[in-house]
Amino acid sequence: MRVHVDEVKVLRFDDGTPVTAASGIAPLGAGWLVAQDDSTIAAWLHDGAVEPVRVLPPVEGLDRFSEAAGTKRLKPDLEVACPAEVDGEPAVLLLGSGSTSRRMRGVLVRLADGRPQVVAGELGPLYAAVAARLGLPMEHVNLEGASRHGDTVRWFNRGNLAAGVPSASVDVPLEGLVDAVLGRGDAAAVPVGRAQAYELGEVEGVGLAVTDAIALPDGRVLLSAAAEDSPNAVDDGPVVAIALALVDGDRVVDMVAIPEVDGHVHKVEGLALRRSEGGQVHLLAVVDDDDPEAPSTILELRVDLGAPGGVSP
């Protein structure tokens with residue numbers, strides 16, 4: 001497997017305000033919806049514009065949150081952006097990390113007459129069920145990514161090797177998850193499938209941990225993984241490397257570093273599939289560099305894959 005960075009773009013809203021802490025990306029209409037994990041506002045990239053979309057109400061009057069301002073504890077921490085459907089129409093499912101009680105909400109964004117329509121719901125009982133299936137206390141829950149597999153969402157817990165917690169996933173039915181967000185079903189009744197752990201290794205003594213995932217047309221999965229020296233599921237730390245891991249079934253069959261850009265390791269937190277051509281896939285990757293003042297970037301990645309079931313040379 002080989003990764004090429006074809007283009008790097010800085011993300012700013014049309015008024016010049018930076019898009020910060022980009023944490024997930026998924027298709028919405030003819031464009032892309034980007035979640036900001038430090039905000040109640042998402043960014044809709046379409047027709048050459050970058051438009052703000054309110055996805056949650058303000059928290060204590062605030063729409064942006066940071067450690068420097070002493071408001072990080074208030075943020076909804078939307079980390080997942082996953083393609084979904086509502087009543088047969090395409091939508092984007094946003095999910096909180098679950099790392100605190102404030103971060104256990106789901107949001108559905110869909111278009112009606114060309115404009116985003118948003119519904120949010122509390123999912124606390126589902127997060128508790130996911131933690132139980134993973135065999136983790138709630139303080140080790142940090143659900144950072146998800147991949148769509150037909151009618152199933154594979155939901156990834158980031159993990160932290162320093163705390164003895166491997167990256168892992170569980171499967172949940174998309175319809176049940178959507179119904180829980182819309183209030184049509186009970187979040188406690190959404191079934192949670194088996195847990196699967198992933199051995200991703202380490203870089204410079206820092207364990208790699210999943211930040212997002214996408215399903216490929218051939219059934220394999222690409223994971224983005226960061227080696228971030230953090231003591232727990234809430235605090236940020238220095239990132240020493242970022243990589244893509246290719247997963248076939250239950251096995252990590254290949255891994256490669258995402259190239260640095262201008263000598264800088266960009267912490268990729270969200271992946272989206274643009275297109276697939278034979279043994280090559282084209283991705284969009286959004287970056288959160290944990291700087292509340294710096295605009296996030298979006299990378300256009302081109303990935304040369306190995307043959308299914310084997311490790312590329």
# chains A, B, ... in the order shown; residues from 1 in each chain; ligands from 1
>>> closest_atom_pairs(of="segment 161-184 of chain A", to="segment 124-133 of chain A", cutoff="10 Å", atoms="only C-alpha atoms", output="Markdown table")
| residue | atom | partner | partner_atom | distance |
| --- | --- | --- | --- | --- |
| A:Ser169 | CA | A:Val130 | CA | 9.1 |
| A:Val170 | CA | A:Val130 | CA | 7.2 |
| A:Asp171 | CA | A:Val130 | CA | 9.3 |
| A:Val172 | CA | A:Val130 | CA | 9.2 |
| A:Leu177 | CA | A:Leu126 | CA | 8.9 |
| A:Ala180 | CA | A:Leu126 | CA | 9.1 |
>>> write_last_selection(atoms="N, CA and C atoms", output="compact mmCIF listing (two decimals), in the first residue's frame")
# COMPACT_ATOMS: atom_id res chain seq x y z
N SER A 169 -13.81 -2.17 17.75
CA SER A 169 -15.06 -1.75 17.12
C SER A 169 -16.21 -2.65 17.57
N VAL A 170 -17.41 -2.12 17.40
CA VAL A 170 -18.65 -2.90 17.53
C VAL A 170 -19.52 -2.58 16.33
N ASP A 171 -20.44 -3.50 16.00
CA ASP A 171 -21.39 -3.27 14.92
C ASP A 171 -22.76 -2.95 15.49
N VAL A 172 -23.41 -1.93 14.91
CA VAL A 172 -24.77 -1.58 15.29
C VAL A 172 -25.60 -1.41 14.02
N LEU A 177 -30.05 2.81 14.85
CA LEU A 177 -29.33 4.02 15.27
C LEU A 177 -30.07 5.27 14.79
N ALA A 180 -33.23 5.81 16.77
CA ALA A 180 -32.95 6.32 18.12
C ALA A 180 -32.68 7.83 18.09
>>> residues_around(residues="Pro259 of chain A", least_positions_apart="6", cutoff="10 Å", atoms="only C-alpha atoms", output="tab-separated table (two decimals) with C-alpha atoms, in the first residue's frame")
chain	number	residue	atom	x	y	z
A	2	ARG	CA	1.23	3.49	-0.86
A	3	VAL	CA	-0.25	6.88	0.02
A	4	HIS	CA	0.16	10.10	-1.97
A	5	VAL	CA	-0.95	13.57	-0.85
A	241	ALA	CA	2.83	9.86	13.47
A	242	ILE	CA	-0.34	9.28	11.46
A	243	ALA	CA	-0.98	6.20	9.33
A	265	VAL	CA	2.49	15.50	10.98
A	266	HIS	CA	-1.18	16.22	10.32
A	301	LEU	CA	-5.19	11.38	-0.72
>>> closest_atom_pairs(of="segment 3-113 of chain A", to="segment 134-150 of chain A", cutoff="12 Å", atoms="only C-alpha atoms", output="Markdown table")
| residue | atom | partner | partner_atom | distance |
| --- | --- | --- | --- | --- |
| A:Ala22 | CA | A:Glu144 | CA | 11.9 |
| A:Ser23 | CA | A:Glu144 | CA | 8.2 |
| A:Gly24 | CA | A:Gly145 | CA | 7.8 |
| A:Ile25 | CA | A:Gly145 | CA | 10.3 |
| A:Ala26 | CA | A:Ser147 | CA | 10.5 |
| A:Ala35 | CA | A:Glu144 | CA | 11.7 |
| A:Asp37 | CA | A:Glu144 | CA | 10.2 |
| A:Asp77 | CA | A:Glu144 | CA | 9.4 |
| A:Leu78 | CA | A:Glu144 | CA | 8.5 |
| A:Glu79 | CA | A:Glu144 | CA | 5.1 |
| A:Val80 | CA | A:Gly145 | CA | 5.1 |
| A:Ala81 | CA | A:Ala146 | CA | 7.5 |
| A:Cys82 | CA | A:Ala146 | CA | 6.4 |
| A:Pro83 | CA | A:Arg148 | CA | 6.8 |
| A:Ala84 | CA | A:Arg148 | CA | 7.9 |
| A:Glu85 | CA | A:Gly150 | CA | 10.8 |
| A:Val92 | CA | A:Arg148 | CA | 11.1 |
| A:Leu93 | CA | A:Ala146 | CA | 9.8 |
| A:Leu94 | CA | A:Ala146 | CA | 9.8 |
| A:Leu95 | CA | A:Leu143 | CA | 8.3 |
| A:Gly96 | CA | A:Leu143 | CA | 7.3 |
| A:Ser97 | CA | A:Leu143 | CA | 4.5 |
| A:Gly98 | CA | A:Asn142 | CA | 5.8 |
| A:Ser99 | CA | A:Asn142 | CA | 5.0 |
| A:Thr100 | CA | A:Glu139 | CA | 7.5 |
| A:Ser101 | CA | A:Met138 | CA | 9.2 |
| A:Arg103 | CA | A:Asn142 | CA | 9.5 |
| A:Met104 | CA | A:Leu143 | CA | 9.8 |
| A:Arg105 | CA | A:Leu143 | CA | 11.7 |
>>> write_last_selection(atoms="N, CA and C atoms", output="PDB file, in the first residue's frame")
ATOM      1  N   ALA A  22     -11.531  19.887  12.717  1.00  0.00           N
ATOM      2  CA  ALA A  22     -12.290  19.032  11.815  1.00  0.00           C
ATOM      3  C   ALA A  22     -12.108  17.575  12.230  1.00  0.00           C
ATOM      4  N   SER A  23     -13.232  16.866  12.429  1.00  0.00           N
ATOM      5  CA  SER A  23     -13.156  15.547  13.048  1.00  0.00           C
ATOM      6  C   SER A  23     -13.866  14.459  12.259  1.00  0.00           C
ATOM      7  N   GLY A  24     -14.619  14.809  11.239  1.00  0.00           N
ATOM      8  CA  GLY A  24     -15.322  13.828  10.437  1.00  0.00           C
ATOM      9  C   GLY A  24     -15.813  14.470   9.158  1.00  0.00           C
ATOM     10  N   ILE A  25     -15.972  13.656   8.104  1.00  0.00           N
ATOM     11  CA  ILE A  25     -16.440  14.172   6.820  1.00  0.00           C
ATOM     12  C   ILE A  25     -17.270  13.092   6.134  1.00  0.00           C
ATOM     13  N   ALA A  26     -18.393  13.516   5.530  1.00  0.00           N
ATOM     14  CA  ALA A  26     -19.272  12.589   4.814  1.00  0.00           C
ATOM     15  C   ALA A  26     -20.003  13.368   3.729  1.00  0.00           C
ATOM     16  N   ALA A  35     -17.625  17.821  10.292  1.00  0.00           N
ATOM     17  CA  ALA A  35     -17.892  18.065  11.708  1.00  0.00           C
ATOM     18  C   ALA A  35     -16.700  18.749  12.336  1.00  0.00           C
ATOM     19  N   ASP A  37     -15.171  19.115  16.114  1.00  0.00           N
ATOM     20  CA  ASP A  37     -15.410  18.538  17.445  1.00  0.00           C
ATOM     21  C   ASP A  37     -15.386  19.577  18.557  1.00  0.00           C
ATOM     22  N   ASP A  77     -18.396  17.387  21.213  1.00  0.00           N
ATOM     23  CA  ASP A  77     -17.360  16.469  20.727  1.00  0.00           C
ATOM     24  C   ASP A  77     -17.885  15.520  19.658  1.00  0.00           C
ATOM     25  N   LEU A  78     -18.460  16.093  18.600  1.00  0.00           N
ATOM     26  CA  LEU A  78     -18.932  15.273  17.482  1.00  0.00           C
ATOM     27  C   LEU A  78     -17.732  14.780  16.694  1.00  0.00           C
ATOM     28  N   GLU A  79     -17.470  13.483  16.760  1.00  0.00           N
ATOM     29  CA  GLU A  79     -16.259  12.897  16.178  1.00  0.00           C
ATOM     30  C   GLU A  79     -16.528  12.053  14.934  1.00  0.00           C
ATOM     31  N   VAL A  80     -17.761  11.604  14.753  1.00  0.00           N
ATOM     32  CA  VAL A  80     -18.096  10.703  13.655  1.00  0.00           C
ATOM     33  C   VAL A  80     -18.985  11.420  12.653  1.00  0.00           C
ATOM     34  N   ALA A  81     -18.667  11.273  11.365  1.00  0.00           N
ATOM     35  CA  ALA A  81     -19.555  11.667  10.271  1.00  0.00           C
ATOM     36  C   ALA A  81     -19.653  10.456   9.345  1.00  0.00           C
ATOM     37  N   CYS A  82     -20.849   9.902   9.220  1.00  0.00           N
ATOM     38  CA  CYS A  82     -21.034   8.639   8.502  1.00  0.00           C
ATOM     39  C   CYS A  82     -22.231   8.757   7.557  1.00  0.00           C
ATOM     40  N   PRO A  83     -22.111   8.276   6.319  1.00  0.00           N
ATOM     41  CA  PRO A  83     -23.272   8.285   5.421  1.00  0.00           C
ATOM     42  C   PRO A  83     -24.413   7.448   5.991  1.00  0.00           C
ATOM     43  N   ALA A  84     -25.644   7.944   5.828  1.00  0.00           N
ATOM     44  CA  ALA A  84     -26.819   7.254   6.356  1.00  0.00           C
ATOM     45  C   ALA A  84     -28.003   7.520   5.439  1.00  0.00           C
ATOM     46  N   GLU A  85     -29.161   6.995   5.804  1.00  0.00           N
ATOM     47  CA  GLU A  85     -30.410   7.306   5.129  1.00  0.00           C
ATOM     48  C   GLU A  85     -31.499   7.533   6.159  1.00  0.00           C
ATOM     49  N   VAL A  92     -26.465  12.457   6.648  1.00  0.00           N
ATOM     50  CA  VAL A  92     -25.199  12.290   7.361  1.00  0.00           C
ATOM     51  C   VAL A  92     -25.518  12.072   8.831  1.00  0.00           C
ATOM     52  N   LEU A  93     -24.906  11.049   9.408  1.00  0.00           N
ATOM     53  CA  LEU A  93     -25.046  10.752  10.827  1.00  0.00           C
ATOM     54  C   LEU A  93     -23.797  11.238  11.555  1.00  0.00           C
ATOM     55  N   LEU A  94     -23.984  12.156  12.493  1.00  0.00           N
ATOM     56  CA  LEU A  94     -22.907  12.643  13.350  1.00  0.00           C
ATOM     57  C   LEU A  94     -23.088  12.039  14.736  1.00  0.00           C
ATOM     58  N   LEU A  95     -21.976  11.617  15.345  1.00  0.00           N
ATOM     59  CA  LEU A  95     -22.037  10.982  16.663  1.00  0.00           C
ATOM     60  C   LEU A  95     -20.969  11.558  17.583  1.00  0.00           C
ATOM     61  N   GLY A  96     -21.342  11.788  18.828  1.00  0.00           N
ATOM     62  CA  GLY A  96     -20.389  12.237  19.830  1.00  0.00           C
ATOM     63  C   GLY A  96     -19.452  11.118  20.251  1.00  0.00           C
ATOM     64  N   SER A  97     -18.346  11.504  20.874  1.00  0.00           N
ATOM     65  CA  SER A  97     -17.313  10.532  21.245  1.00  0.00           C
ATOM     66  C   SER A  97     -17.709   9.652  22.421  1.00  0.00           C
ATOM     67  N   GLY A  98     -18.627  10.136  23.270  1.00  0.00           N
ATOM     68  CA  GLY A  98     -19.006   9.384  24.465  1.00  0.00           C
ATOM     69  C   GLY A  98     -18.017   9.477  25.606  1.00  0.00           C
ATOM     70  N   SER A  99     -16.978  10.325  25.446  1.00  0.00           N
ATOM     71  CA  SER A  99     -15.933  10.381  26.467  1.00  0.00           C
ATOM     72  C   SER A  99     -16.361  11.124  27.736  1.00  0.00           C
ATOM     73  N   THR A 100     -17.473  11.856  27.683  1.00  0.00           N
ATOM     74  CA  THR A 100     -18.117  12.387  28.884  1.00  0.00           C
ATOM     75  C   THR A 100     -19.627  12.299  28.649  1.00  0.00           C
ATOM     76  N   SER A 101     -20.418  12.569  29.690  1.00  0.00           N
ATOM     77  CA  SER A 101     -21.870  12.451  29.564  1.00  0.00           C
ATOM     78  C   SER A 101     -22.449  13.478  28.600  1.00  0.00           C
ATOM     79  N   ARG A 103     -21.242  14.107  25.757  1.00  0.00           N
ATOM     80  CA  ARG A 103     -20.781  13.753  24.415  1.00  0.00           C
ATOM     81  C   ARG A 103     -21.443  12.479  23.903  1.00  0.00           C
ATOM     82  N   MET A 104     -22.721  12.307  24.235  1.00  0.00           N
ATOM     83  CA  MET A 104     -23.431  11.076  23.891  1.00  0.00           C
ATOM     84  C   MET A 104     -24.682  11.375  23.077  1.00  0.00           C
ATOM     85  N   ARG A 105     -24.540  12.267  22.099  1.00  0.00           N
ATOM     86  CA  ARG A 105     -25.661  12.623  21.241  1.00  0.00           C
ATOM     87  C   ARG A 105     -25.401  12.201  19.806  1.00  0.00           C
TER      88      ARG A 105
END
>>> residues_around(residues="Asp14 of chain A", least_positions_apart="5", cutoff="12 Å", atoms="only C-alpha atoms", output="ChimeraX atom specification")
/A:19,43-52
>>> write_last_selection(atoms="N, CA and C atoms", output="compact mmCIF listing (two decimals), in the first residue's frame")
# COMPACT_ATOMS: atom_id res chain seq x y z
N VAL A 19 -12.46 27.03 9.89
CA VAL A 19 -13.03 25.76 10.31
C VAL A 19 -11.98 25.10 11.20
N ALA A 43 -19.48 22.37 8.94
CA ALA A 43 -19.15 23.11 7.72
C ALA A 43 -19.63 22.30 6.52
N TRP A 44 -20.41 22.94 5.66
CA TRP A 44 -20.91 22.28 4.44
C TRP A 44 -20.13 22.83 3.25
N LEU A 45 -19.33 21.97 2.65
CA LEU A 45 -18.52 22.34 1.49
C LEU A 45 -19.32 21.99 0.23
N HIS A 46 -19.76 23.00 -0.52
CA HIS A 46 -20.55 22.72 -1.72
C HIS A 46 -20.50 23.92 -2.67
N ASP A 47 -20.45 23.62 -3.96
CA ASP A 47 -20.51 24.66 -5.00
C ASP A 47 -19.49 25.77 -4.77
N GLY A 48 -18.30 25.39 -4.30
CA GLY A 48 -17.25 26.37 -4.07
C GLY A 48 -17.40 27.18 -2.80
N ALA A 49 -18.43 26.89 -2.00
CA ALA A 49 -18.67 27.62 -0.76
C ALA A 49 -18.37 26.73 0.44
N VAL A 50 -18.14 27.38 1.59
CA VAL A 50 -18.01 26.68 2.86
C VAL A 50 -19.00 27.36 3.81
N GLU A 51 -20.12 26.68 4.04
CA GLU A 51 -21.26 27.27 4.72
C GLU A 51 -21.42 26.67 6.11
N PRO A 52 -21.69 27.51 7.12
CA PRO A 52 -21.95 26.96 8.46
C PRO A 52 -23.33 26.32 8.54
>>> residues_around(residues="Val107 of chain A", least_positions_apart="4", cutoff="8 Å", atoms="only C-alpha atoms", output="list of chain:residue names")
A:Val55, A:Leu56, A:Leu93, A:Leu94, A:Leu95, A:Val118, A:Val119, A:Ala120, A:Gly121, A:Val181
>>> closest_residue(among="A:Val206, A:Leu223, A:Ile258, A:Val192", to="Pro238 of chain A", atoms="only C-alpha atoms")
A:Val206
>>> closest_residue(among="A:His282, A:Arg184, A:Arg158, A:Arg12", to="Leu216 of chain A", atoms="only C-alpha atoms")
A:His282
>>> select_by_dssp(residues="segment 67-234 of chain A", states="alpha helix (DSSP H)", output="PyMOL selection string")
chain A and resi 124-134+174-182
>>> select_by_dssp(residues="segment 126-166 of chain A", states="strand (DSSP E or B)", output="VMD selection string")
chain A and resid 143 to 149 152 to 157 160 165
>>> decode(residues="segment 109-244 of chain A", atoms="C-alpha atoms", output="compact mmCIF listing (two decimals), in the first residue's frame")
# COMPACT_ATOMS: atom_id res chain seq x y z
CA VAL A 109 -28.40 16.07 8.70
CA ARG A 110 -30.34 15.75 5.43
CA LEU A 111 -31.39 18.07 2.64
CA ALA A 112 -34.95 19.33 2.14
CA ASP A 113 -35.45 21.58 -0.88
CA GLY A 114 -31.67 21.85 -1.09
CA ARG A 115 -31.20 23.10 2.47
CA PRO A 116 -29.82 21.18 5.49
CA GLN A 117 -32.39 19.90 7.97
CA VAL A 118 -31.12 18.74 11.38
CA VAL A 119 -32.50 16.44 14.09
CA ALA A 120 -30.57 15.50 17.26
CA GLY A 121 -31.18 12.89 19.93
CA GLU A 122 -29.71 11.71 23.23
CA LEU A 123 -28.09 8.24 23.04
CA GLY A 124 -26.67 7.72 26.55
CA PRO A 125 -28.05 4.18 27.03
CA LEU A 126 -26.56 3.08 23.70
CA TYR A 127 -23.14 4.40 24.69
CA ALA A 128 -23.40 2.46 27.94
CA ALA A 129 -24.24 -0.71 25.97
CA VAL A 130 -21.25 -0.14 23.66
CA ALA A 131 -18.94 0.28 26.66
CA ALA A 132 -20.29 -2.95 28.16
CA ARG A 133 -19.76 -4.84 24.88
CA LEU A 134 -16.19 -3.52 24.70
CA GLY A 135 -15.64 -4.48 28.34
CA LEU A 136 -14.63 -0.94 29.24
CA PRO A 137 -15.49 1.49 32.02
CA MET A 138 -17.04 4.67 30.65
CA GLU A 139 -13.85 6.68 31.22
CA HIS A 140 -12.13 4.65 28.48
CA VAL A 141 -14.86 5.22 25.89
CA ASN A 142 -13.76 7.47 23.01
CA LEU A 143 -15.72 6.58 19.87
CA GLU A 144 -13.90 8.45 17.13
CA GLY A 145 -14.80 6.80 13.83
CA ALA A 146 -17.34 4.72 11.93
CA SER A 147 -17.59 2.92 8.61
CA ARG A 148 -20.80 2.08 6.75
CA HIS A 149 -21.31 -1.54 5.67
CA GLY A 150 -24.69 -1.75 3.99
CA ASP A 151 -27.25 -1.80 6.81
CA THR A 152 -24.58 -1.82 9.53
CA VAL A 153 -22.41 0.87 11.12
CA ARG A 154 -19.06 -0.32 12.45
CA TRP A 155 -18.28 2.04 15.33
CA PHE A 156 -14.64 2.40 16.42
CA ASN A 157 -13.33 3.14 19.90
CA ARG A 158 -10.00 4.89 19.66
CA GLY A 159 -8.30 3.17 22.57
CA ASN A 160 -5.08 4.14 24.33
CA LEU A 161 -2.25 1.63 24.61
CA ALA A 162 -0.66 3.65 27.43
CA ALA A 163 -3.79 2.89 29.45
CA GLY A 164 -3.92 -0.71 28.23
CA VAL A 165 -6.94 -0.10 25.95
CA PRO A 166 -6.62 -1.36 22.33
CA SER A 167 -8.51 0.15 19.41
CA ALA A 168 -11.70 -1.82 18.88
CA SER A 169 -15.06 -1.75 17.12
CA VAL A 170 -18.65 -2.90 17.53
CA ASP A 171 -21.39 -3.27 14.92
CA VAL A 172 -24.77 -1.58 15.29
CA PRO A 173 -27.72 -1.59 12.85
CA LEU A 174 -28.01 1.66 10.93
CA GLU A 175 -31.81 1.68 11.04
CA GLY A 176 -31.90 1.27 14.82
CA LEU A 177 -29.33 4.02 15.27
CA VAL A 178 -31.24 6.39 12.97
CA ASP A 179 -34.54 5.64 14.72
CA ALA A 180 -32.95 6.32 18.12
CA VAL A 181 -31.68 9.73 16.97
CA LEU A 182 -35.09 10.60 15.48
CA GLY A 183 -36.92 9.50 18.63
CA ARG A 184 -38.71 6.69 16.81
CA GLY A 185 -36.95 4.02 18.86
CA ASP A 186 -35.36 3.50 22.26
CA ALA A 187 -31.59 4.04 22.37
CA ALA A 188 -31.37 1.29 25.00
CA ALA A 189 -32.93 -1.19 22.56
CA VAL A 190 -30.38 -0.77 19.75
CA PRO A 191 -28.49 -4.10 19.54
CA VAL A 192 -24.71 -3.95 19.82
CA GLY A 193 -22.75 -6.65 17.97
CA ARG A 194 -19.52 -8.37 18.88
CA ALA A 195 -16.39 -6.43 19.75
CA GLN A 196 -13.29 -6.70 17.55
CA ALA A 197 -9.86 -5.42 18.66
CA TYR A 198 -7.13 -4.21 16.27
CA GLU A 199 -3.39 -4.49 16.78
CA LEU A 200 -1.94 -1.35 15.19
CA GLY A 201 1.49 -1.21 16.80
CA GLU A 202 3.36 1.86 17.95
CA VAL A 203 5.70 4.60 16.77
CA GLU A 204 8.48 5.95 18.98
CA GLY A 205 6.91 4.16 21.93
CA VAL A 206 3.47 5.72 21.35
CA GLY A 207 0.63 3.38 20.39
CA LEU A 208 -1.32 3.95 17.17
CA ALA A 209 -5.07 4.30 17.71
CA VAL A 210 -8.01 4.58 15.32
CA THR A 211 -9.33 8.04 14.44
CA ASP A 212 -11.71 7.09 11.60
CA ALA A 213 -12.61 4.35 9.12
CA ILE A 214 -14.15 3.83 5.69
CA ALA A 215 -15.41 0.69 3.98
CA LEU A 216 -13.93 -0.02 0.55
CA PRO A 217 -15.94 -1.42 -2.38
CA ASP A 218 -14.11 -4.79 -2.12
CA GLY A 219 -15.18 -5.25 1.51
CA ARG A 220 -11.91 -4.26 3.14
CA VAL A 221 -11.65 -1.29 5.51
CA LEU A 222 -9.19 1.59 5.70
CA LEU A 223 -8.47 2.99 9.16
CA SER A 224 -6.73 6.25 9.94
CA ALA A 225 -4.64 5.90 13.08
CA ALA A 226 -2.73 8.45 15.17
CA ALA A 227 0.18 7.90 17.53
CA GLU A 228 -0.83 10.56 20.08
CA ASP A 229 0.89 10.66 23.45
CA SER A 230 -2.21 11.24 25.57
CA PRO A 231 -2.85 9.86 29.07
CA ASN A 232 -6.62 9.39 28.69
CA ALA A 233 -9.69 9.67 26.43
CA VAL A 234 -10.18 13.42 26.98
CA ASP A 235 -6.81 15.20 26.96
CA ASP A 236 -4.83 15.96 23.79
CA GLY A 237 -1.15 15.15 23.43
CA PRO A 238 1.70 15.45 20.91
CA VAL A 239 1.15 13.43 17.71
CA VAL A 240 4.30 11.66 16.50
CA ALA A 241 2.83 9.86 13.47
CA ILE A 242 -0.34 9.28 11.46
CA ALA A 243 -0.98 6.20 9.33
CA LEU A 244 -3.51 4.32 7.22
